[in-house]
Structure formats: structure tokens, C-alpha cells
Amino acid sequence: VVAGFGPSEDIRELRDRVRTFVDTEVVPVEAEALRTDRQDLLRELMARAKADGLWALGHPKELGGGGLTTVDYTYIGEAAGRSAPATAALGAHTLQDALLLARYGDGGQRDRWLDPLVAGDLFLGVAMTEPEVAGSDPKVLRTTADPVAGGWVLDGHKWFTSWADRAAAVVVFARTDPTAGLERQLSAFLVPTDTPGFRVERLLTTMGGPSTLGELRLDRVRVPDDHLLGERGAGFAIAQERLGPNRLYEAMRWLGQAERAFEMLCVRAVTRYAHGSLLAEKGEIQRYVAETAAAIQATRLLTLDAARRLDAGEDARLAISMVKFQAARMLHDAIDRAIQVHGAAGLSDDLPLERMYRDARAARLYDGPDEVHRMVVARRLLDDPETNAPWA
Ligand SMILES: Cc1cc2nc3c(=O)[nH]c(=O)nc-3n(C[C@H](O)[C@H](O)[C@H](O)COP(=O)(O)OP(=O)(O)OC[C@H]3O[C@@H](n4cnc5c(N)ncnc54)[C@H](O)[C@@H]3O)c2cc1C
């Protein structure tokens with residue numbers, strides 16, 4: 001293994017254990033494990049991951065995690081990504097929120113939320129996006145939080161809020177300072193979901209599938225001062241910090257999905273016979289195999305490079321934006337080709353590919369639509385290509 005381009009022996013061994021756990025414990029129940037009415041199943045998987053020593057491997061040790069670097073965790077995240085519920089089953093879903101609470105939460109907030117969050121005993125949602133305004137531009141959001149004696153009153157309408165079916169609290173981004181500079185207008189609040197006036201109106205169905213994403217109403221929701229996360233006006237910075245590295249962890253997951261689709265593509269190609277030969281012997285199918293493998297490996301290397309920058313404390317924003325749109329496209333194409341070589345079976349829910357494809361379509365939208373990331377990359381490069389190019 002060339003230094004920097006592969007996992008160490010220890011990480012390889014850990015990755016193989018994660019992969020075995022995912023393939024044998026999670027994949028057989030994956031269609032059910034994220035269903036709102038099967039939270040018991042997810043809890044069982046979580047308990048087994050803990051018992052196997054595979055829980056929260058990427059969380060810092062001081063938060064009760066495995067303390068892996070981002071580079072080392074890339075290999076683990078890739079193995080975990082093979083099956084959609086595995087991220088939560090392995091306790092990886094709380095990493096960004098846990099880091100946020102550790103950094104911005106005060107003593108009381110950390111005591112109340114942090115340990116149970118990392119332990120998987122409670123879920124936190126994130127409510128930024130609103131139906132009425134462009135979610136890709138948080139500066140235009142409309143939900144307000146007005147100061148009152150001893151606290152705040154929040155009013156607003158959110159949707160695509162994560163874990164809306166089970167969250168104990170939601171991090172709500174709201175406008176507190178409409179006349180401040182654009183980057184100081186928002187604040188973040190930890191709102192317990194049983195606060196009067198907080199209502200989950202419905203769970204959203206996306207591309208034919210039920211989801212845990214919800215539409216919320218906040219109708220004169222009153223929270224005390226100590227529910228403000230970080231300083232007043234820090235919401236924009238908090239949102240950036242929450243979303244930035246998250247994109248990299250999503251890319252790891254997408255790599256796992258793409259690798260699984262690639263394996264299915266190959267198995268089908270070497271077993272299906274049509275028009276006088278196996279599919280694997282046809283040039284066009286060989287092109288699918290070669291191009292999919294090249295795109296997966298290119299994305300892995302981009303991901304590892306961004307992870308290395310994060311670990312080194314460098315500015316990784318350009319690298320992460322590149323990963324975001326490259327990985328989302330790669331994921332889509334890998335699953336699309338796997339469906340294609342499976343013919344009609346690829347569309348049926350006898351196989352996992354149709355579900356994977358529906359999930360993959362969302363990748364080009366969430367954590368910032370691809371267009372926004374391409375805009376960020378292009379602006380930085382056009383500004384000063386010699387300094388800002390990742391190979392500079
Ligand atoms: C599966 C999933 C999970 C999600 N989870 C959460 C969550 O937990 N919390 C949360 O708050 N939100 C969540 N979201 C919402 C997501 O963050 C938003 O959908 C996203 O930010 C885009 O906002 P929007 O949908 O309002 O689209 P808009 O901002 O209205 O953008 C629509 C389209 O306009 C185009 N566009 C926008 N800006 C540009 C530009 N600069 N240049 C060119 N074209 C552009 C793009 O094609 C874009 O897709 C989730 C969404 C999905 C699909």
C-alpha cells in the first residue's frame with residue numbers, strides 16, 4: 001500500500017468487521033430498519049453494534065467514541081455506507097450534532113443532550129429549510145425568534161427536518177437580528193419537541209418512499225434563554241460548521257452505496273447471457289464496469305484528500321465542495337448502470353437497486369444543491385487559480 005493511499009492494517013481489520021456487520025446484520029433487514037414503526041429493529045441493531053465494539057468509531061474519544069481520524073474513518077464510513085440504516089445502527093449519525101453541542105453547547109445543554117445523543121438514546125433533528133424560501137440560501141430564511149423576558153418566542157414553518165418522527169429536540173435556525181450584517185442575523189435554538197406550539201404536521205413521502213423527514217410548524221414556541229445554542233447571531237456560522245464536514249461523511253456513505261451497486265453490476269455481467277455471449281464480454285458493458293470503477297476510485301481519492309485536509313486543520317471547503325458534486329453524480333451513475341444491466345429486475349423491489357436509486361437522487365439536492373457547490377468551486381478557482389487549485 002502506498003503511504004497515504006490505503007488503510008493501515010488495524011483500520012483494514014476494523015473496516016472488514018464493519019463490513020461483515022453491515023452485510024450480515026443490517027442488509028437483511030434494511031428495508032424495514034428505518035421505518036417509523038420499526039424503531040425497535042434499529043435499536044436492536046444498535047445494541048449489537050455496541051456489543052461488537054463498533055459503536056461511534058468516528059466520534060472523538062472524549063465524547064465516548066472510537067477517536068478515529070477523518071482519514072481512517074473514511075474507510076469505515078465507506079463500509080458502513082453499504083446499507084442505508086447502517087450509519088444509525090453504528091452510531092455514526094450523531095457525529096456532526098455531537099461536535100456542535102460539544103463546541104457551542106453550555107454545561108447544561110451538554111449535560112442534557114450530549115451523552116444520550118452519542119449513546120443513541122435520543123435523536124436530534126435539524127430544521128433549517130423552509131417551504132417558502134430557497135433552502136440553498138440560508139440568508140433568506142423567515143422563521144423568527146423574538147426576545148422576551150427570560151427567553152425567546154419562535155414562529156415559523158420548516159420542512160425536510162431530519163428525524164421528525166422521533167427527535168427529542170430539534171436545532172431550529174431562526175432570524176434574531178434582521179438588521180445585523182447578513183452573517184449575524186441567524187441564531188440556533190435547541191427546541192425540545194414537546195414544547196407547546198411545536199408541531200410535526202406530517203412526515204414527508206419522497207420519490208415514492210416514506211421518510212423520517214418532517215414538516216414543522218412553530219407557533220409562538222417559547223423557550224428559555226438557555227435553549228440558545230452558541231451566541232446570539234452565531235446561527236450562520238453554526239450552520240456552516242454543521243453542514244461542511246457532514247458533506248464528507250455523506251460522500252463516504254455514497255461510496256459504500258456505489259461500491260455495492262458496482263458489485264451487483266459485475267455479478268450480473270458475468271452471469272447473464274444474451275445475444276451469443278455473457279454481458280461481461282460485450283464492449284459496452286465493459287465500459288460500464290471500467291468507468292464506474294474509475295469514478296468510484298476518483299471519488300475515494302478526492303474524499304481522502306478532503307479528509308486529510310480536515311485532519312491537518314487546513315481549509316477544506318473547496319475540497320469538500322468538489323467531493324459533494326462529484327460523489328453525488330458518481331453515485332447516481334453507478335446505481336443507474338447497475339439497474340440497466342439487471343434489465344427489468346433492476347426496477348423491481350426484489351432487488352435493493354430501485355430503493356438505492358431513489359435515495360441517490362436526493363444526494364444532488366441536500367447539503368447544498370450541486371449547482372451551489374460548483375458555484376463555490378468555480379468562484380474560488382476563477383478568483384486565483386494558481387493558489388486555489390487543489391494541486392497548487
Ligand atoms: C433527503 C433530504 C434530507 C434533507 N435533510 C434536511 C435536514 O435535515 N434539515 C434541513 O433543514 N433541510 C434538509 N433538507 C433540505 C435541503 O437542505 C434543501 O432541499 C436544500 O438546501 C435545497 O433547498 P430547496 O429545496 O429550498 O431548494 P432551492 O434552494 O429552492 O433550490 C432549488 C434549485 O435551484 C437551483 N439553484 C439554487 N441555487 C443555485 C445557484 N447558486 N446556481 C444555480 N442553481 C441554483 C438548484 O437546481 C436547486 O436544486 C433535506 C433534503 C433532502 C432531499
# chains A, B, ... in the order shown; residues from 1 in each chain; ligands from 1

$ residues_near_ligand --ligand "ligand 1" --cutoff "10 Å" --atoms "only C-alpha atoms and all ligand atoms" --output "ChimeraX atom specification"
/A:124-138,140-141,158-164,170-173,206-207,211-214,239,243,358-376

$ select_by_dssp --residues "range 194-347 of chain A" --states "alpha helix (DSSP H)" --output "number ranges by chain"
A: 235-271, 283-311, 317-341

$ residues_around --residues "range 16-23 of chain A" --least-positions-apart "3" --cutoff "7 Å" --atoms "only C-alpha atoms" --output "list in words"
Arg12, Glu13, Val26, Val27, Leu54, Ile76, Ala79, Ala80, Ser83 and Ala86 of chain A

$ write_last_selection --atoms "N, CA, C and O atoms" --output "CSV table (one decimal), in the first residue's frame"
chain,number,residue,atom,x,y,z
A,12,ARG,N,-7.9,-1.6,8.3
A,12,ARG,CA,-8.4,-2.6,7.4
A,12,ARG,C,-9.2,-3.7,8.1
A,12,ARG,O,-10.3,-4.1,7.7
A,13,GLU,N,-8.6,-4.1,9.3
A,13,GLU,CA,-9.3,-5.2,10.0
A,13,GLU,C,-10.6,-4.6,10.6
A,13,GLU,O,-11.6,-5.3,10.5
A,26,VAL,N,-27.3,-5.9,9.0
A,26,VAL,CA,-28.1,-4.8,8.6
A,26,VAL,C,-28.8,-5.0,7.2
A,26,VAL,O,-30.0,-4.8,7.1
A,27,VAL,N,-28.0,-5.5,6.2
A,27,VAL,CA,-28.6,-5.7,4.9
A,27,VAL,C,-29.9,-6.5,4.9
A,27,VAL,O,-30.9,-6.1,4.3
A,54,LEU,N,-18.3,-1.7,17.8
A,54,LEU,CA,-18.3,-1.0,16.5
A,54,LEU,C,-19.1,0.3,16.6
A,54,LEU,O,-19.4,1.0,15.6
A,76,ILE,N,-14.0,3.3,7.1
A,76,ILE,CA,-15.1,2.8,7.9
A,76,ILE,C,-16.4,3.3,7.4
A,76,ILE,O,-17.4,2.5,7.2
A,79,ALA,N,-17.5,1.5,4.4
A,79,ALA,CA,-18.1,0.1,4.6
A,79,ALA,C,-19.5,0.3,5.2
A,79,ALA,O,-20.4,-0.5,4.9
A,80,ALA,N,-19.7,1.2,6.1
A,80,ALA,CA,-21.0,1.4,6.8
A,80,ALA,C,-22.0,1.9,5.8
A,80,ALA,O,-23.2,1.6,5.9
A,83,SER,N,-25.3,0.0,3.5
A,83,SER,CA,-26.7,-0.1,3.7
A,83,SER,C,-27.2,1.1,4.4
A,83,SER,O,-26.6,1.6,5.4
A,86,ALA,N,-27.3,1.6,8.2
A,86,ALA,CA,-26.1,1.2,9.0
A,86,ALA,C,-25.5,2.4,9.7
A,86,ALA,O,-24.9,2.2,10.8

$ residues_around --residues "range 144-155 of chain A" --least-positions-apart "3" --cutoff "6 Å" --atoms "only C-alpha atoms" --output "VMD selection string"
chain A and resid 174 to 176 218 to 225

$ closest_residue --among "A:Pro85, A:Leu95, A:Ser187, A:Ser321" --to "Lys61 in chain A" --atoms "only C-alpha atoms"
A:Leu95

$ select_by_dssp --residues "range 206-298 of chain A" --states "strand (DSSP E or B)" --output "VMD selection string"
chain A and resid 206 209 to 224 228 to 229 273 to 274 277 to 278

$ write_last_selection --atoms "C-alpha atoms" --output "PDB file, in the first residue's frame"
ATOM      1  CA  THR A 206     -40.188  11.398  -1.148  1.00  0.00           C
ATOM      2  CA  GLY A 209     -40.904   6.236  -0.227  1.00  0.00           C
ATOM      3  CA  PRO A 210     -41.894   7.168   3.323  1.00  0.00           C
ATOM      4  CA  SER A 211     -39.231   9.115   5.198  1.00  0.00           C
ATOM      5  CA  THR A 212     -38.339  10.322   8.661  1.00  0.00           C
ATOM      6  CA  LEU A 213     -38.247  13.898   7.318  1.00  0.00           C
ATOM      7  CA  GLY A 214     -40.992  16.143   8.591  1.00  0.00           C
ATOM      8  CA  GLU A 215     -42.833  19.389   8.046  1.00  0.00           C
ATOM      9  CA  LEU A 216     -42.986  21.519  11.199  1.00  0.00           C
ATOM     10  CA  ARG A 217     -44.973  24.461  12.480  1.00  0.00           C
ATOM     11  CA  LEU A 218     -43.603  26.646  15.225  1.00  0.00           C
ATOM     12  CA  ASP A 219     -46.467  28.662  16.581  1.00  0.00           C
ATOM     13  CA  ARG A 220     -45.382  31.030  19.366  1.00  0.00           C
ATOM     14  CA  VAL A 221     -42.938  28.439  20.716  1.00  0.00           C
ATOM     15  CA  ARG A 222     -41.495  29.858  23.907  1.00  0.00           C
ATOM     16  CA  VAL A 223     -38.066  28.664  25.024  1.00  0.00           C
ATOM     17  CA  PRO A 224     -35.890  29.912  27.892  1.00  0.00           C
ATOM     18  CA  LEU A 228     -29.995  29.330  22.605  1.00  0.00           C
ATOM     19  CA  LEU A 229     -27.109  27.314  21.121  1.00  0.00           C
ATOM     20  CA  TYR A 273     -26.204 -14.494 -21.251  1.00  0.00           C
ATOM     21  CA  ALA A 274     -27.704 -12.579 -24.191  1.00  0.00           C
ATOM     22  CA  SER A 277     -22.281 -14.120 -25.128  1.00  0.00           C
ATOM     23  CA  LEU A 278     -22.204 -13.110 -21.494  1.00  0.00           C
TER      24      LEU A 278
END

$ residues_around --residues "Met264 in chain A" --least-positions-apart "4" --cutoff "7 Å" --atoms "only C-alpha atoms" --output "ChimeraX atom specification"
/A:260,268,338

$ write_last_selection --atoms "C-alpha atoms" --output "short mmCIF file (atom, residue, chain, number, x, y, z; two decimals), in the first residue's frame"
data_model
loop_
_atom_site.label_atom_id
_atom_site.label_comp_id
_atom_site.auth_asym_id
_atom_site.auth_seq_id
_atom_site.Cartn_x
_atom_site.Cartn_y
_atom_site.Cartn_z
CA ARG A 260 -22.40 -2.23 -3.57
CA ARG A 268 -24.88 -9.68 -13.28
CA ALA A 338 -26.34 -1.45 -12.18
#

$ atom_distance --atom1 "CA of Tyr73 in chain A" --atom2 "CA of Ile11 in chain A"
8.4 Å

$ residues_around --residues "Gln185 in chain A" --least-positions-apart "4" --cutoff "9 Å" --atoms "only C-alpha atoms" --output "PyMOL selection string"
chain A and resi 139+174-181+232-236

$ closest_residue --among "A:Gln96, A:Thr271, A:Gln240, A:Asn246" --to "Val323 in chain A" --atoms "only C-alpha atoms"
A:Asn246

$ closest_residue --among "A:Arg112, A:Arg337, A:Arg15, A:Arg35" --to "Glu291 in chain A" --atoms "only C-alpha atoms"
A:Arg337

$ closest_residue --among "A:Asp336, A:Trp391, A:Phe5, A:Gly156" --to "Val71 in chain A" --atoms "only C-alpha atoms"
A:Phe5

$ atom_distance --atom1 "CA of Gln257 in chain A" --atom2 "CA of Leu318 in chain A"
23.8 Å
